[in-house]
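Source file: input_35.cif (mmCIF, C-alpha atoms)
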```cif
data_input
#
loop_
_atom_site.label_atom_id
_atom_site.label_comp_id
_atom_site.auth_asym_id
_atom_site.auth_seq_id
_atom_site.Cartn_x
_atom_site.Cartn_y
_atom_site.Cartn_z
CA MET A 117 18.95 -19.61 -7.19
CA SER A 118 19.52 -16.24 -5.61
CA ALA A 119 17.42 -15.40 -2.59
CA PRO A 120 16.73 -11.70 -2.15
CA ALA A 121 16.70 -10.53 1.44
CA GLY A 122 13.16 -9.22 2.12
CA LEU A 123 10.43 -11.20 3.81
CA VAL A 124 8.00 -13.18 1.69
CA LYS A 125 4.45 -11.95 2.30
CA CYS A 126 2.59 -14.23 -0.11
CA VAL A 127 3.32 -17.62 -1.68
CA VAL A 128 1.73 -18.26 -5.09
CA TRP A 129 1.08 -21.96 -5.70
CA ASP A 130 0.61 -23.97 -8.86
CA LEU A 131 -2.00 -26.74 -8.54
CA ASP A 132 -1.23 -29.73 -10.82
CA ASN A 133 1.55 -31.86 -9.36
CA THR A 134 2.33 -29.12 -6.87
CA LEU A 135 -0.47 -28.54 -4.34
CA LEU A 136 -2.36 -31.46 -5.87
CA ARG A 137 -0.95 -34.92 -6.30
CA GLY A 138 -1.91 -35.34 -9.93
CA VAL A 139 -3.48 -33.35 -12.77
CA TYR A 140 -6.89 -31.86 -11.99
CA LEU A 141 -8.44 -32.23 -15.46
CA GLU A 142 -7.11 -35.74 -16.04
CA SER A 143 -7.89 -37.22 -12.65
CA ARG A 144 -10.51 -40.02 -12.55
CA PRO A 145 -12.93 -40.64 -10.97
CA GLY A 146 -12.68 -37.54 -8.75
CA PRO A 147 -10.20 -34.67 -8.44
CA PRO A 148 -6.67 -35.61 -7.31
CA PRO A 149 -5.86 -35.62 -3.61
CA LEU A 150 -3.80 -32.89 -1.96
CA ASP A 151 -0.11 -33.37 -1.69
CA PRO A 152 0.14 -33.83 2.09
CA ALA A 153 3.62 -32.28 2.36
CA MET A 154 2.51 -29.14 0.51
CA ALA A 155 -0.75 -28.97 2.50
CA SER A 156 1.17 -28.98 5.77
CA LEU A 157 3.49 -26.22 4.46
CA LEU A 158 0.39 -24.13 3.73
CA SER A 159 -0.58 -24.20 7.37
CA VAL A 160 3.00 -23.78 8.68
CA LEU A 161 3.46 -20.63 6.57
CA GLY A 162 -0.07 -19.41 7.32
CA GLU A 163 0.72 -19.59 11.04
CA ARG A 164 3.62 -17.24 10.37
CA GLY A 165 1.29 -14.69 8.81
CA ILE A 166 2.29 -15.48 5.22
CA LEU A 167 -0.54 -15.37 2.67
CA HIS A 168 -1.30 -17.92 -0.03
CA ALA A 169 -2.54 -17.50 -3.60
CA ILE A 170 -3.00 -19.73 -6.64
CA ALA A 171 -1.72 -19.39 -10.22
CA SER A 172 -2.95 -22.31 -12.29
CA ARG A 173 -3.72 -23.36 -15.86
CA ASN A 174 -6.86 -25.04 -14.56
CA PRO A 175 -10.43 -23.70 -14.61
CA PRO A 176 -11.53 -21.74 -11.52
CA GLU A 177 -13.29 -24.85 -10.11
CA ALA A 178 -9.86 -26.32 -9.46
CA ALA A 179 -8.94 -23.36 -7.25
CA ARG A 180 -12.25 -23.70 -5.38
CA TYR A 181 -11.54 -27.41 -4.90
CA ALA A 182 -8.04 -26.64 -3.54
CA ALA A 183 -9.47 -24.05 -1.14
CA GLU A 184 -12.04 -26.52 0.18
CA ALA A 185 -9.63 -29.42 0.40
CA THR A 186 -6.94 -27.43 2.22
CA GLY A 187 -9.27 -25.24 4.28
CA CYS A 188 -6.91 -22.43 3.34
CA ALA A 189 -8.23 -18.92 2.60
CA PHE A 190 -6.37 -18.18 -0.64
CA VAL A 191 -6.24 -14.42 -1.09
CA ALA A 192 -6.24 -14.63 -4.89
CA ALA A 193 -6.68 -17.30 -7.55
CA GLU A 194 -5.42 -16.64 -11.07
CA CYS A 195 -6.69 -19.34 -13.42
CA GLY A 196 -5.95 -19.18 -17.12
CA TRP A 197 -3.51 -19.49 -19.97
CA GLY A 198 -1.71 -16.15 -19.73
CA ARG A 199 1.87 -15.83 -18.55
CA LYS A 200 2.25 -16.78 -14.90
CA SER A 201 4.56 -13.80 -14.41
CA GLU A 202 1.60 -11.57 -15.33
CA ALA A 203 -0.66 -13.51 -12.95
CA LEU A 204 1.89 -12.90 -10.17
CA ALA A 205 2.08 -9.21 -10.99
CA ARG A 206 -1.73 -8.96 -10.74
CA ILE A 207 -1.73 -10.82 -7.42
CA ALA A 208 0.92 -8.45 -6.03
CA ALA A 209 -0.99 -5.41 -7.29
CA GLY A 210 -4.23 -6.70 -5.76
CA LEU A 211 -2.53 -7.05 -2.39
CA ASP A 212 -0.67 -3.73 -2.74
CA ILE A 213 2.66 -5.45 -2.18
CA GLY A 214 5.75 -5.60 -4.39
CA VAL A 215 6.42 -8.67 -6.53
CA ASP A 216 9.65 -9.05 -4.54
CA ALA A 217 7.46 -10.02 -1.55
CA LEU A 218 6.18 -13.06 -3.49
CA ALA A 219 7.39 -16.63 -3.67
CA PHE A 220 6.23 -18.92 -6.48
CA VAL A 221 6.04 -22.71 -6.26
CA ASP A 222 5.56 -24.74 -9.45
CA ASP A 223 6.68 -28.22 -10.52
CA ASP A 224 7.04 -27.14 -14.16
CA PRO A 225 10.58 -25.91 -14.91
CA TYR A 226 9.27 -23.87 -17.87
CA GLU A 227 6.88 -21.90 -15.65
CA ARG A 228 9.61 -21.37 -13.07
CA ALA A 229 11.99 -20.09 -15.74
CA GLU A 230 9.36 -17.75 -17.21
CA VAL A 231 8.54 -16.20 -13.82
CA GLY A 232 12.20 -16.05 -12.80
CA ALA A 233 13.16 -14.24 -16.01
CA ALA A 234 10.25 -11.79 -16.03
CA LEU A 235 10.22 -11.05 -12.30
CA PRO A 236 13.74 -11.48 -10.91
CA GLY A 237 12.64 -10.41 -7.41
CA VAL A 238 10.29 -13.38 -6.95
CA ARG A 239 11.59 -16.36 -4.96
CA VAL A 240 11.01 -19.17 -7.49
CA LEU A 241 10.87 -22.64 -5.99
CA SER A 242 10.13 -26.21 -7.01
CA PRO A 243 7.94 -28.31 -4.68
CA GLU A 244 11.16 -30.00 -3.52
CA ASP A 245 12.78 -26.62 -2.77
CA VAL A 246 9.91 -25.21 -0.78
CA ALA A 247 10.04 -27.78 2.02
CA GLU A 248 13.57 -26.64 2.73
CA ALA A 249 12.91 -22.96 2.03
CA VAL A 250 10.42 -22.63 4.89
CA ASP A 251 13.44 -22.46 7.19
CA TRP A 252 15.02 -19.60 5.25
CA PRO A 253 14.97 -16.20 6.92
CA GLU A 254 12.68 -14.72 4.25
CA PHE A 255 9.95 -17.14 5.31
CA SER A 256 10.64 -16.57 8.99
CA PRO A 257 9.48 -13.27 10.42
CA ALA A 258 11.23 -12.91 13.79
CA GLU A 259 8.02 -12.62 15.71
CA VAL A 260 4.60 -13.68 14.54
CA THR A 261 1.84 -11.63 16.04
CA ALA A 262 -1.84 -12.41 16.37
CA GLU A 263 -2.54 -9.79 13.71
CA ALA A 264 -0.17 -11.46 11.28
CA ARG A 265 -1.95 -14.79 11.79
CA ARG A 266 -5.31 -13.20 11.09
CA ARG A 267 -4.02 -11.54 7.96
CA ALA A 268 -5.50 -13.95 5.43
CA GLY A 269 -9.01 -13.45 6.83
CA LEU A 270 -8.46 -9.68 6.78
CA TYR A 271 -7.56 -9.72 3.10
CA GLN A 272 -10.84 -11.46 2.35
CA GLN A 273 -12.77 -8.87 4.34
CA ARG A 274 -10.88 -6.24 2.41
CA GLN A 275 -12.10 -7.71 -0.84
CA ARG A 276 -15.70 -7.40 0.42
CA ARG A 277 -15.00 -3.78 1.38
CA MET A 278 -13.59 -3.09 -2.10
CA ALA A 279 -16.71 -4.56 -3.68
CA ALA A 280 -18.85 -2.28 -1.49
CA GLU A 281 -16.71 0.69 -2.50
CA ARG A 282 -17.15 0.03 -6.21
CA SER A 283 -20.90 0.27 -5.81
CA PHE A 284 -20.70 3.37 -3.56
CA GLY A 285 -21.28 6.72 -5.25
CA GLY A 286 -20.00 9.30 -2.77
CA SER A 287 -16.60 10.67 -1.84
CA ARG A 288 -13.96 8.63 -0.07
CA GLU A 289 -14.65 10.39 3.22
CA GLU A 290 -18.36 9.59 2.89
CA PHE A 291 -17.47 5.98 2.14
CA LEU A 292 -15.22 5.73 5.22
CA ARG A 293 -18.04 7.14 7.32
CA ALA A 294 -20.59 4.76 5.80
CA CYS A 295 -18.28 1.85 6.67
CA GLY A 296 -18.25 2.89 10.33
CA THR A 297 -14.50 3.50 10.10
CA GLU A 298 -12.80 4.15 13.43
CA VAL A 299 -9.14 5.19 13.62
CA THR A 300 -7.74 5.18 17.15
CA ILE A 301 -4.44 6.90 17.94
CA ALA A 302 -2.88 6.13 21.33
CA ALA A 303 0.46 6.08 23.12
CA ALA A 304 2.20 2.71 22.69
CA THR A 305 2.68 0.38 25.62
CA ALA A 306 5.30 -2.34 26.04
CA GLY A 307 2.74 -4.87 24.77
CA ASP A 308 2.60 -3.12 21.40
CA VAL A 309 6.35 -3.51 20.75
CA PRO A 310 6.31 -6.87 18.90
CA ARG A 311 3.63 -5.67 16.47
CA LEU A 312 5.31 -2.27 15.99
CA HIS A 313 8.62 -3.97 15.29
CA GLU A 314 6.92 -6.33 12.84
CA LEU A 315 5.25 -3.41 11.07
CA SER A 316 8.56 -1.57 10.79
CA GLU A 317 10.02 -4.68 9.18
CA ARG A 318 7.16 -5.38 6.79
CA THR A 319 6.28 -1.87 5.63
CA SER A 320 7.99 -0.52 2.55
CA GLN A 321 5.57 1.88 0.82
CA PHE A 322 4.67 3.59 4.08
CA ASN A 323 7.90 3.59 6.05
CA SER A 324 9.43 7.04 6.24
CA ALA A 325 12.75 5.71 7.57
CA GLY A 326 12.98 3.04 4.87
CA GLN A 327 14.13 0.53 7.46
CA ALA A 328 13.07 -1.48 10.49
CA LEU A 329 13.33 -0.32 14.10
CA SER A 330 14.48 -2.87 16.66
CA SER A 331 12.31 -3.87 19.60
CA ALA A 332 15.02 -2.51 21.93
CA SER A 333 14.91 0.92 20.26
CA LEU A 334 11.12 0.96 20.44
CA GLU A 335 11.18 0.03 24.13
CA GLU A 336 13.74 2.73 24.81
CA ALA A 337 11.66 5.34 22.98
CA ILE A 338 8.55 4.31 24.95
CA ARG A 339 10.44 4.75 28.24
CA SER A 340 12.11 8.03 27.24
CA ARG A 341 10.60 11.30 28.50
CA ALA A 342 11.70 13.14 25.35
CA GLN A 343 10.21 10.64 22.88
CA ASP A 344 6.77 9.26 22.21
CA VAL A 345 5.73 6.15 20.36
CA MET A 346 2.19 6.26 19.01
CA THR A 347 0.03 3.44 17.69
CA VAL A 348 -2.83 3.61 15.22
CA ARG A 349 -5.60 1.03 15.23
CA LEU A 350 -8.26 0.67 12.56
CA GLN A 351 -11.64 -0.97 12.43
CA ASP A 352 -14.89 -0.71 10.52
CA ARG A 353 -18.02 -2.80 10.08
CA PHE A 354 -16.15 -5.18 7.76
CA ALA A 355 -13.19 -5.99 10.00
CA ASP A 356 -11.08 -5.09 12.98
CA ASP A 357 -7.66 -4.60 11.41
CA GLY A 358 -5.97 -4.00 14.77
CA LEU A 359 -2.68 -2.14 14.96
CA VAL A 360 -1.93 -0.93 11.42
CA GLY A 361 0.41 2.00 11.94
CA GLY A 362 2.56 4.01 14.26
CA CYS A 363 5.17 6.66 14.64
CA VAL A 364 8.02 7.76 16.85
CA VAL A 365 8.23 11.39 17.94
CA ASP A 366 11.44 12.96 19.20
CA ARG A 367 11.02 16.18 21.20
CA ARG A 368 14.66 16.69 22.22
CA GLN A 369 15.21 19.77 20.05
CA ALA A 370 13.55 22.89 21.46
CA GLY A 371 10.61 24.09 19.42
CA VAL A 372 10.81 21.19 16.97
CA TRP A 373 9.05 17.84 16.89
CA THR A 374 10.91 15.34 14.72
CA VAL A 375 9.34 12.10 13.49
CA PRO A 376 12.18 9.63 12.84
CA LEU A 377 9.73 6.90 11.84
CA LEU A 378 6.20 7.01 10.49
CA MET A 379 4.76 3.78 9.16
CA MET A 380 1.55 2.14 8.10
CA SER A 381 0.61 -1.27 6.82
CA CYS A 382 -0.18 -1.02 3.11
CA ARG A 383 -3.42 -2.92 3.68
CA ALA A 384 -4.72 0.20 5.45
CA ILE A 385 -4.13 2.37 2.37
CA GLY A 386 -7.09 4.48 1.31
CA ARG A 387 -8.80 4.29 4.69
CA GLY A 388 -7.80 7.60 6.20
CA VAL A 389 -5.15 6.18 8.55
CA ILE A 390 -2.06 8.06 7.43
CA ASP A 391 -3.99 11.32 7.06
CA SER A 392 -5.41 10.88 10.56
CA LEU A 393 -1.96 10.30 12.00
CA LEU A 394 -0.36 13.25 10.17
CA GLY A 395 -3.27 15.48 11.21
CA TRP A 396 -2.93 14.43 14.85
CA LEU A 397 0.85 15.00 14.76
CA THR A 398 0.45 18.59 13.57
CA ARG A 399 -2.17 19.37 16.22
CA ALA A 400 -0.24 17.64 19.03
CA ALA A 401 3.03 19.34 18.09
CA ALA A 402 1.32 22.76 18.03
CA ARG A 403 -0.33 22.05 21.41
CA GLY A 404 3.07 20.93 22.72
CA GLY A 405 4.50 24.36 21.87
CA ALA A 406 6.52 23.34 18.79
CA GLY A 407 6.83 25.74 15.87
CA VAL A 408 7.85 23.11 13.36
CA LEU A 409 7.04 19.46 12.80
CA GLN A 410 9.65 17.70 10.68
CA LEU A 411 9.88 14.26 9.15
CA PRO A 412 12.99 12.95 7.42
CA CYS A 413 11.92 10.66 4.63
CA VAL A 414 13.70 8.09 2.48
CA LEU A 415 12.46 8.48 -1.09
CA THR A 416 12.14 5.57 -3.47
CA GLU A 417 9.79 4.98 -6.36
CA ARG A 418 7.60 3.12 -3.87
CA SER A 419 7.26 6.09 -1.51
CA VAL A 420 4.93 8.03 -3.83
CA PRO A 421 1.84 7.19 -1.70
CA LEU A 422 3.59 8.55 1.41
CA ARG A 423 4.66 11.69 -0.47
CA LEU A 424 1.04 12.18 -1.56
CA ALA A 425 -0.14 11.88 2.04
CA LEU A 426 2.51 14.37 3.21
CA ALA A 427 1.66 16.87 0.47
CA SER A 428 -2.04 16.49 1.21
CA ALA A 429 -1.43 17.14 4.94
CA GLY A 430 0.43 20.38 4.19
CA PHE A 431 4.05 19.17 4.55
CA ARG A 432 6.73 20.61 2.27
CA ALA A 433 10.04 18.97 1.44
CA ASP A 434 12.84 21.38 2.32
CA PRO A 435 15.01 21.55 -0.83
CA ALA A 436 18.02 22.69 1.23
CA ALA A 437 17.89 19.50 3.28
CA ALA A 438 17.29 17.12 0.36
CA GLY A 439 19.95 14.59 -0.55
CA PRO A 440 19.94 11.75 -3.03
CA GLY A 441 17.00 9.56 -2.13
CA ARG A 442 16.13 11.57 0.98
CA ALA A 443 14.13 14.64 1.86
CA LEU A 444 13.28 16.53 5.02
CA TYR A 445 9.56 17.27 5.15
CA ARG A 446 8.48 20.16 7.34
CA HIS A 447 5.15 21.49 8.50
CA ASP A 448 5.11 25.07 9.70
CA LEU A 449 2.74 24.96 12.65
CA ALA A 450 1.79 28.63 12.39
CA GLY A 451 -0.28 27.80 9.32
CA PRO A 452 -3.61 26.03 9.13
CA ARG A 453 -3.89 22.56 10.64
CA PRO A 454 -6.32 19.87 9.56
CA PRO A 455 -9.30 19.40 11.89
CA ARG A 456 -9.93 16.06 13.53
CA PRO A 457 -12.62 14.07 11.67
CA ASP A 458 -15.18 12.72 14.13
CA TRP A 459 -14.30 9.11 13.32
CA VAL A 460 -10.72 9.61 14.52
CA ILE A 461 -10.20 8.96 18.24
CA THR A 462 -7.09 10.61 19.66
CA PRO A 463 -5.57 11.14 23.10
CA GLU A 464 -5.98 14.49 24.83
CA GLU A 465 -8.29 15.97 22.26
CA PRO A 466 -11.89 16.89 22.98
CA MET B 150 0.69 13.64 -29.02
CA THR B 151 -1.42 15.80 -31.31
CA GLY B 152 -4.98 16.91 -31.04
CA PRO B 153 -7.52 18.34 -33.44
CA ASP B 154 -6.54 21.77 -34.74
CA GLY B 155 -7.66 24.67 -32.65
CA ILE B 156 -7.97 22.87 -29.36
CA PRO B 157 -5.26 24.03 -26.98
CA GLY B 158 -3.16 21.27 -25.44
CA GLN B 159 -4.09 22.21 -21.94
CA GLU B 160 -7.78 21.85 -22.79
CA LEU B 161 -7.13 18.39 -24.20
CA ALA B 162 -5.19 17.43 -21.10
CA LEU B 163 -7.99 18.80 -18.90
CA ALA B 164 -10.62 16.76 -20.68
CA GLU B 165 -8.59 13.59 -20.43
CA LEU B 166 -7.63 14.21 -16.79
CA ARG B 167 -11.28 14.62 -15.80
CA GLY B 168 -11.93 11.16 -17.21
CA VAL B 169 -8.90 9.77 -15.37
CA LEU B 170 -10.10 11.32 -12.10
CA ALA B 171 -13.53 9.76 -12.51
CA GLU B 172 -11.92 6.39 -13.18
CA VAL B 173 -9.41 6.36 -10.34
CA THR B 174 -11.97 7.52 -7.78
CA GLY B 175 -14.98 5.64 -9.17
CA ARG B 176 -16.95 8.91 -9.09
CA GLU B 177 -18.61 9.79 -12.39
CA GLU B 178 -19.49 13.33 -11.28
CA LEU B 179 -15.80 14.27 -11.47
CA ARG B 180 -16.09 14.24 -15.28
CA ALA B 181 -17.64 17.69 -14.88
CA VAL B 182 -15.37 19.06 -12.15
CA PRO B 183 -14.22 22.72 -12.67
CA ALA B 184 -10.60 23.25 -13.74
CA GLY B 185 -9.85 25.34 -10.66
CA SER B 186 -10.86 22.56 -8.23
CA GLN B 187 -8.21 21.61 -5.72
CA LEU B 188 -7.27 17.95 -5.91
CA PHE B 189 -6.39 17.14 -2.28
CA GLY B 190 -9.31 18.93 -0.66
CA PRO B 191 -12.98 18.81 -1.64
CA PRO B 192 -14.55 18.26 -4.10
CA VAL B 193 -11.97 15.77 -5.44
CA GLY B 194 -10.37 14.75 -2.13
CA LEU B 195 -7.47 12.69 -3.47
CA ASP B 196 -5.74 10.54 -0.89
CA SER B 197 -2.59 8.46 -1.14
CA LEU B 198 -4.43 5.59 -2.82
CA THR B 199 -6.39 7.54 -5.44
CA GLY B 200 -3.43 9.93 -5.88
CA THR B 201 -1.11 7.03 -6.65
CA ARG B 202 -3.61 5.66 -9.18
CA LEU B 203 -3.88 9.11 -10.77
CA LEU B 204 -0.10 9.52 -11.11
CA ARG B 205 0.19 6.00 -12.54
CA GLU B 206 -2.47 6.77 -15.18
CA VAL B 207 -0.88 10.13 -16.02
CA ARG B 208 2.44 8.40 -16.61
CA ARG B 209 0.80 5.71 -18.72
CA ARG B 210 -1.31 8.03 -20.88
CA PHE B 211 0.89 11.10 -21.21
CA GLY B 212 4.35 9.69 -20.49
CA VAL B 213 4.81 12.31 -17.77
CA ASP B 214 6.23 11.13 -14.44
CA VAL B 215 4.97 13.83 -12.09
CA ALA B 216 6.40 12.16 -8.97
CA ALA B 217 9.90 12.03 -10.48
CA GLU B 218 9.90 15.66 -11.62
CA ASP B 219 8.06 17.41 -8.83
CA LEU B 220 9.32 16.62 -5.31
CA ASN B 221 6.52 18.46 -3.53
CA LEU B 222 3.84 17.39 -6.02
CA ASP B 223 2.87 21.05 -6.48
CA ALA B 224 1.44 20.05 -9.86
CA LEU B 225 -1.40 18.43 -7.93
CA ALA B 226 -2.61 21.75 -6.45
CA THR B 227 -5.59 21.93 -8.80
CA LEU B 228 -6.84 20.15 -11.88
CA ALA B 229 -5.68 23.15 -13.96
CA THR B 230 -2.11 23.08 -12.58
CA LEU B 231 -1.88 19.36 -13.32
CA ALA B 232 -3.20 19.90 -16.86
CA ALA B 233 -0.63 22.68 -17.41
CA PHE B 234 2.17 20.50 -16.05
CA VAL B 235 1.20 17.61 -18.33
CA ALA B 236 0.56 19.78 -21.40
CA GLY B 237 3.92 21.51 -20.94
CA ARG B 238 5.72 18.19 -21.18
CA THR B 239 3.88 16.31 -23.90
CA ARG B 240 4.16 18.65 -26.92
CA LEU B 241 0.40 18.92 -27.08
CA PRO B 242 -0.64 21.55 -29.64
CA THR B 243 -0.81 24.95 -27.97
CA GLY B 244 -3.46 26.41 -30.27
CA ARG B 245 -4.34 26.97 -33.91
CA GLN B 246 -1.12 27.07 -35.92
#
```

Could you quickly redo this structure as structure tokens?
Amino acid sequence: MSAPAGLVKCVVWDLDNTLLRGVYLESRPGPPPLDPAMASLLSVLGERGILHAIASRNPPEAARYAAEATGCAFVAAECGWGRKSEALARIAAGLDIGVDALAFVDDDPYERAEVGAALPGVRVLSPEDVAEAVDWPEFSPAEVTAEARRRAGLYQQRQRRMAAERSFGGSREEFLRACGTEVTIAAATAGDVPRLHELSERTSQFNSAGQALSSASLEEAIRSRAQDVMTVRLQDRFADDGLVGGCVVDRRQAGVWTVPLLMMSCRAIGRGVIDSLLGWLTRAAARGGAGVLQLPCVLTERSVPLRLALASAGFRADPAAAGPGRALYRHDLAGPRPPRPDWVITPEEP
Amino acid sequence: MTGPDGIPGQELALAELRGVLAEVTGREELRAVPAGSQLFGPPVGLDSLTGTRLLREVRRRFGVDVAAEDLNLDALATLATLAAFVAGRTRLPTGRQ
């Protein structure tokens, strides 16, 4: 079994003879009890901010029973006879994460083989494996923040928000306003470092540097007079998502603001966060006397959403500075700059 | 991809793209949006989420990977530029033969 390096964000569980000790549809007189070892792993992993989902051949009642019996807020339950690899792909798409951020636990070697063959990035485990695997680095984020622990509840609130959005007729901006969206941009303090480091480690779609930034580097940038570290917090009437994004600004080059890292949690996608941050950066850089705002960006097939946000905010990739898999995005500050929407709260702006 | 005789490829792409826009944004009124409408600003107002859905659908329906071919996504300037970009790469009929 090969174990790819990235962190697992969600574990997808089978029910019969995995989470449950027995077979749901054959159990008499009542449904089978939970497997106590698996149930305790659910809470251990949940404490680390890892999400749980279900992929089962059982009817949906079985998933509801497992949710009640474990007290666990499963973020998705796929019940049916289709391929489990397809169920996992839908779960990943619903959470806006890659399938390589999933682990899959099933007692049936056929199901494990099917998922392993179709989705080689998934960590495929038997119930015996998973007890040991919880100590692997991919199940062990270095620091678990309060926000990470609350993540399962936030995903459920997100599902309610998505349901509201489907029945909403207006534009996205009108929807954000109707939700009471509030995006708050502020200078980072030392207390924000663990969460910022965690974000830099967990973000892949919205991580301009394509890599994590150490806590030491973040602390140094916060202390430095020539650098700024900014945080972005998000809340609306459905949920307080807390710290969902941030960036580092380097002002050491005269007339140029460089952003070595811009990142956002993918759960904040579609809620105006990245556009708010890019808009603030262009206004702050212009106020700070810079002529150019630039952002080196690692390009992968997963960075399309970030490229869309950059294009929408008026950034252009400089073809002269492009290399394989990288581009230098620039915003000429003499041109028009996006205004601040009234639901975005920023420092030093009226 | 071929269309009925006499309908230029760009017109076909436009019609289909309007439907895609309505689907990815959940806004039915975009089925009637003018060809010259910008996509990032009003009235369409694409963001990174709806933009990603749009590009995914364009790749699925037309086999055109805009993100791979267009670093700055200039094709997304307006609905008409996107239709021209797509039509130019899918051998849609260009008019009555």

Would you give me, as a PyMOL selection string, the residues of chain B that come within 6 Å of chain A, using all atoms listed in the file?
chain B and resi 189+197-198+201

Residues matched by the PyMOL selection byres ((chain B and resi 224-228) around 7) as a PDB file with C-alpha atoms, in the frame of the given file:
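For reference, result18.pdb as written:
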```pdb
ATOM      1  CA  ALA B 184     -10.600  23.250 -13.740  1.00  0.00           C
ATOM      2  CA  GLY B 185      -9.850  25.340 -10.660  1.00  0.00           C
ATOM      3  CA  SER B 186     -10.860  22.560  -8.230  1.00  0.00           C
ATOM      4  CA  GLN B 187      -8.210  21.610  -5.720  1.00  0.00           C
ATOM      5  CA  LEU B 188      -7.270  17.950  -5.910  1.00  0.00           C
ATOM      6  CA  LEU B 222       3.840  17.390  -6.020  1.00  0.00           C
ATOM      7  CA  ASP B 223       2.870  21.050  -6.480  1.00  0.00           C
ATOM      8  CA  ALA B 229      -5.680  23.150 -13.960  1.00  0.00           C
ATOM      9  CA  THR B 230      -2.110  23.080 -12.580  1.00  0.00           C
ATOM     10  CA  LEU B 231      -1.880  19.360 -13.320  1.00  0.00           C
ATOM     11  CA  ALA B 232      -3.200  19.900 -16.860  1.00  0.00           C
ATOM     12  CA  PHE B 234       2.170  20.500 -16.050  1.00  0.00           C
TER      13      PHE B 234
END
```

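If you measure from each of B:Arg180, B:Pro192, B:Thr199, B:Ala162 to Val213 (chain B) using only C-alpha atoms, the closest one turns out to be B:Ala162.
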
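With distances taken over all atoms listed in the file, A:Val221 is the one residue among A:Val221, A:Leu167, A:Leu131, A:Ala328 lying closest to Ala247 (chain A).
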
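Computed from the coordinates, the CA of His168 (chain A) to CA of Ala325 (chain A) distance equals 28.5 Å.
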
Could you model N, CA and C atoms for region 226-240 of chain B and present them as a PDB file, in the frame of the given file?
```pdb
ATOM      1  N   ALA B 226      -1.838  20.734  -7.185  1.00  0.00           N
ATOM      2  CA  ALA B 226      -2.610  21.750  -6.450  1.00  0.00           C
ATOM      3  C   ALA B 226      -4.054  21.779  -6.936  1.00  0.00           C
ATOM      4  N   THR B 227      -4.224  21.930  -8.237  1.00  0.00           N
ATOM      5  CA  THR B 227      -5.590  21.930  -8.800  1.00  0.00           C
ATOM      6  C   THR B 227      -5.575  21.118 -10.096  1.00  0.00           C
ATOM      7  N   LEU B 228      -6.752  20.858 -10.607  1.00  0.00           N
ATOM      8  CA  LEU B 228      -6.840  20.150 -11.880  1.00  0.00           C
ATOM      9  C   LEU B 228      -6.143  20.969 -12.980  1.00  0.00           C
ATOM     10  N   ALA B 229      -6.293  22.303 -12.935  1.00  0.00           N
ATOM     11  CA  ALA B 229      -5.680  23.150 -13.960  1.00  0.00           C
ATOM     12  C   ALA B 229      -4.149  23.106 -13.878  1.00  0.00           C
ATOM     13  N   THR B 230      -3.574  23.116 -12.673  1.00  0.00           N
ATOM     14  CA  THR B 230      -2.110  23.080 -12.580  1.00  0.00           C
ATOM     15  C   THR B 230      -1.584  21.737 -13.092  1.00  0.00           C
ATOM     16  N   LEU B 231      -2.320  20.670 -12.821  1.00  0.00           N
ATOM     17  CA  LEU B 231      -1.880  19.360 -13.320  1.00  0.00           C
ATOM     18  C   LEU B 231      -1.965  19.326 -14.848  1.00  0.00           C
ATOM     19  N   ALA B 232      -3.036  19.885 -15.397  1.00  0.00           N
ATOM     20  CA  ALA B 232      -3.200  19.900 -16.860  1.00  0.00           C
ATOM     21  C   ALA B 232      -2.061  20.716 -17.497  1.00  0.00           C
ATOM     22  N   ALA B 233      -1.702  21.852 -16.873  1.00  0.00           N
ATOM     23  CA  ALA B 233      -0.630  22.680 -17.410  1.00  0.00           C
ATOM     24  C   ALA B 233       0.707  21.940 -17.344  1.00  0.00           C
ATOM     25  N   PHE B 234       0.932  21.252 -16.233  1.00  0.00           N
ATOM     26  CA  PHE B 234       2.170  20.500 -16.050  1.00  0.00           C
ATOM     27  C   PHE B 234       2.298  19.423 -17.133  1.00  0.00           C
ATOM     28  N   VAL B 235       1.209  18.703 -17.344  1.00  0.00           N
ATOM     29  CA  VAL B 235       1.200  17.610 -18.330  1.00  0.00           C
ATOM     30  C   VAL B 235       1.343  18.183 -19.743  1.00  0.00           C
ATOM     31  N   ALA B 236       0.549  19.218 -20.041  1.00  0.00           N
ATOM     32  CA  ALA B 236       0.560  19.780 -21.400  1.00  0.00           C
ATOM     33  C   ALA B 236       1.935  20.356 -21.722  1.00  0.00           C
ATOM     34  N   GLY B 237       2.599  20.918 -20.722  1.00  0.00           N
ATOM     35  CA  GLY B 237       3.920  21.510 -20.940  1.00  0.00           C
ATOM     36  C   GLY B 237       4.999  20.489 -21.235  1.00  0.00           C
ATOM     37  N   ARG B 238       4.694  19.224 -21.006  1.00  0.00           N
ATOM     38  CA  ARG B 238       5.720  18.190 -21.180  1.00  0.00           C
ATOM     39  C   ARG B 238       5.377  17.165 -22.237  1.00  0.00           C
ATOM     40  N   THR B 239       4.271  17.340 -22.937  1.00  0.00           N
ATOM     41  CA  THR B 239       3.880  16.310 -23.900  1.00  0.00           C
ATOM     42  C   THR B 239       3.790  16.827 -25.321  1.00  0.00           C
ATOM     43  N   ARG B 240       4.236  18.058 -25.581  1.00  0.00           N
ATOM     44  CA  ARG B 240       4.160  18.650 -26.920  1.00  0.00           C
ATOM     45  C   ARG B 240       2.743  18.566 -27.481  1.00  0.00           C
TER      46      ARG B 240
END
```
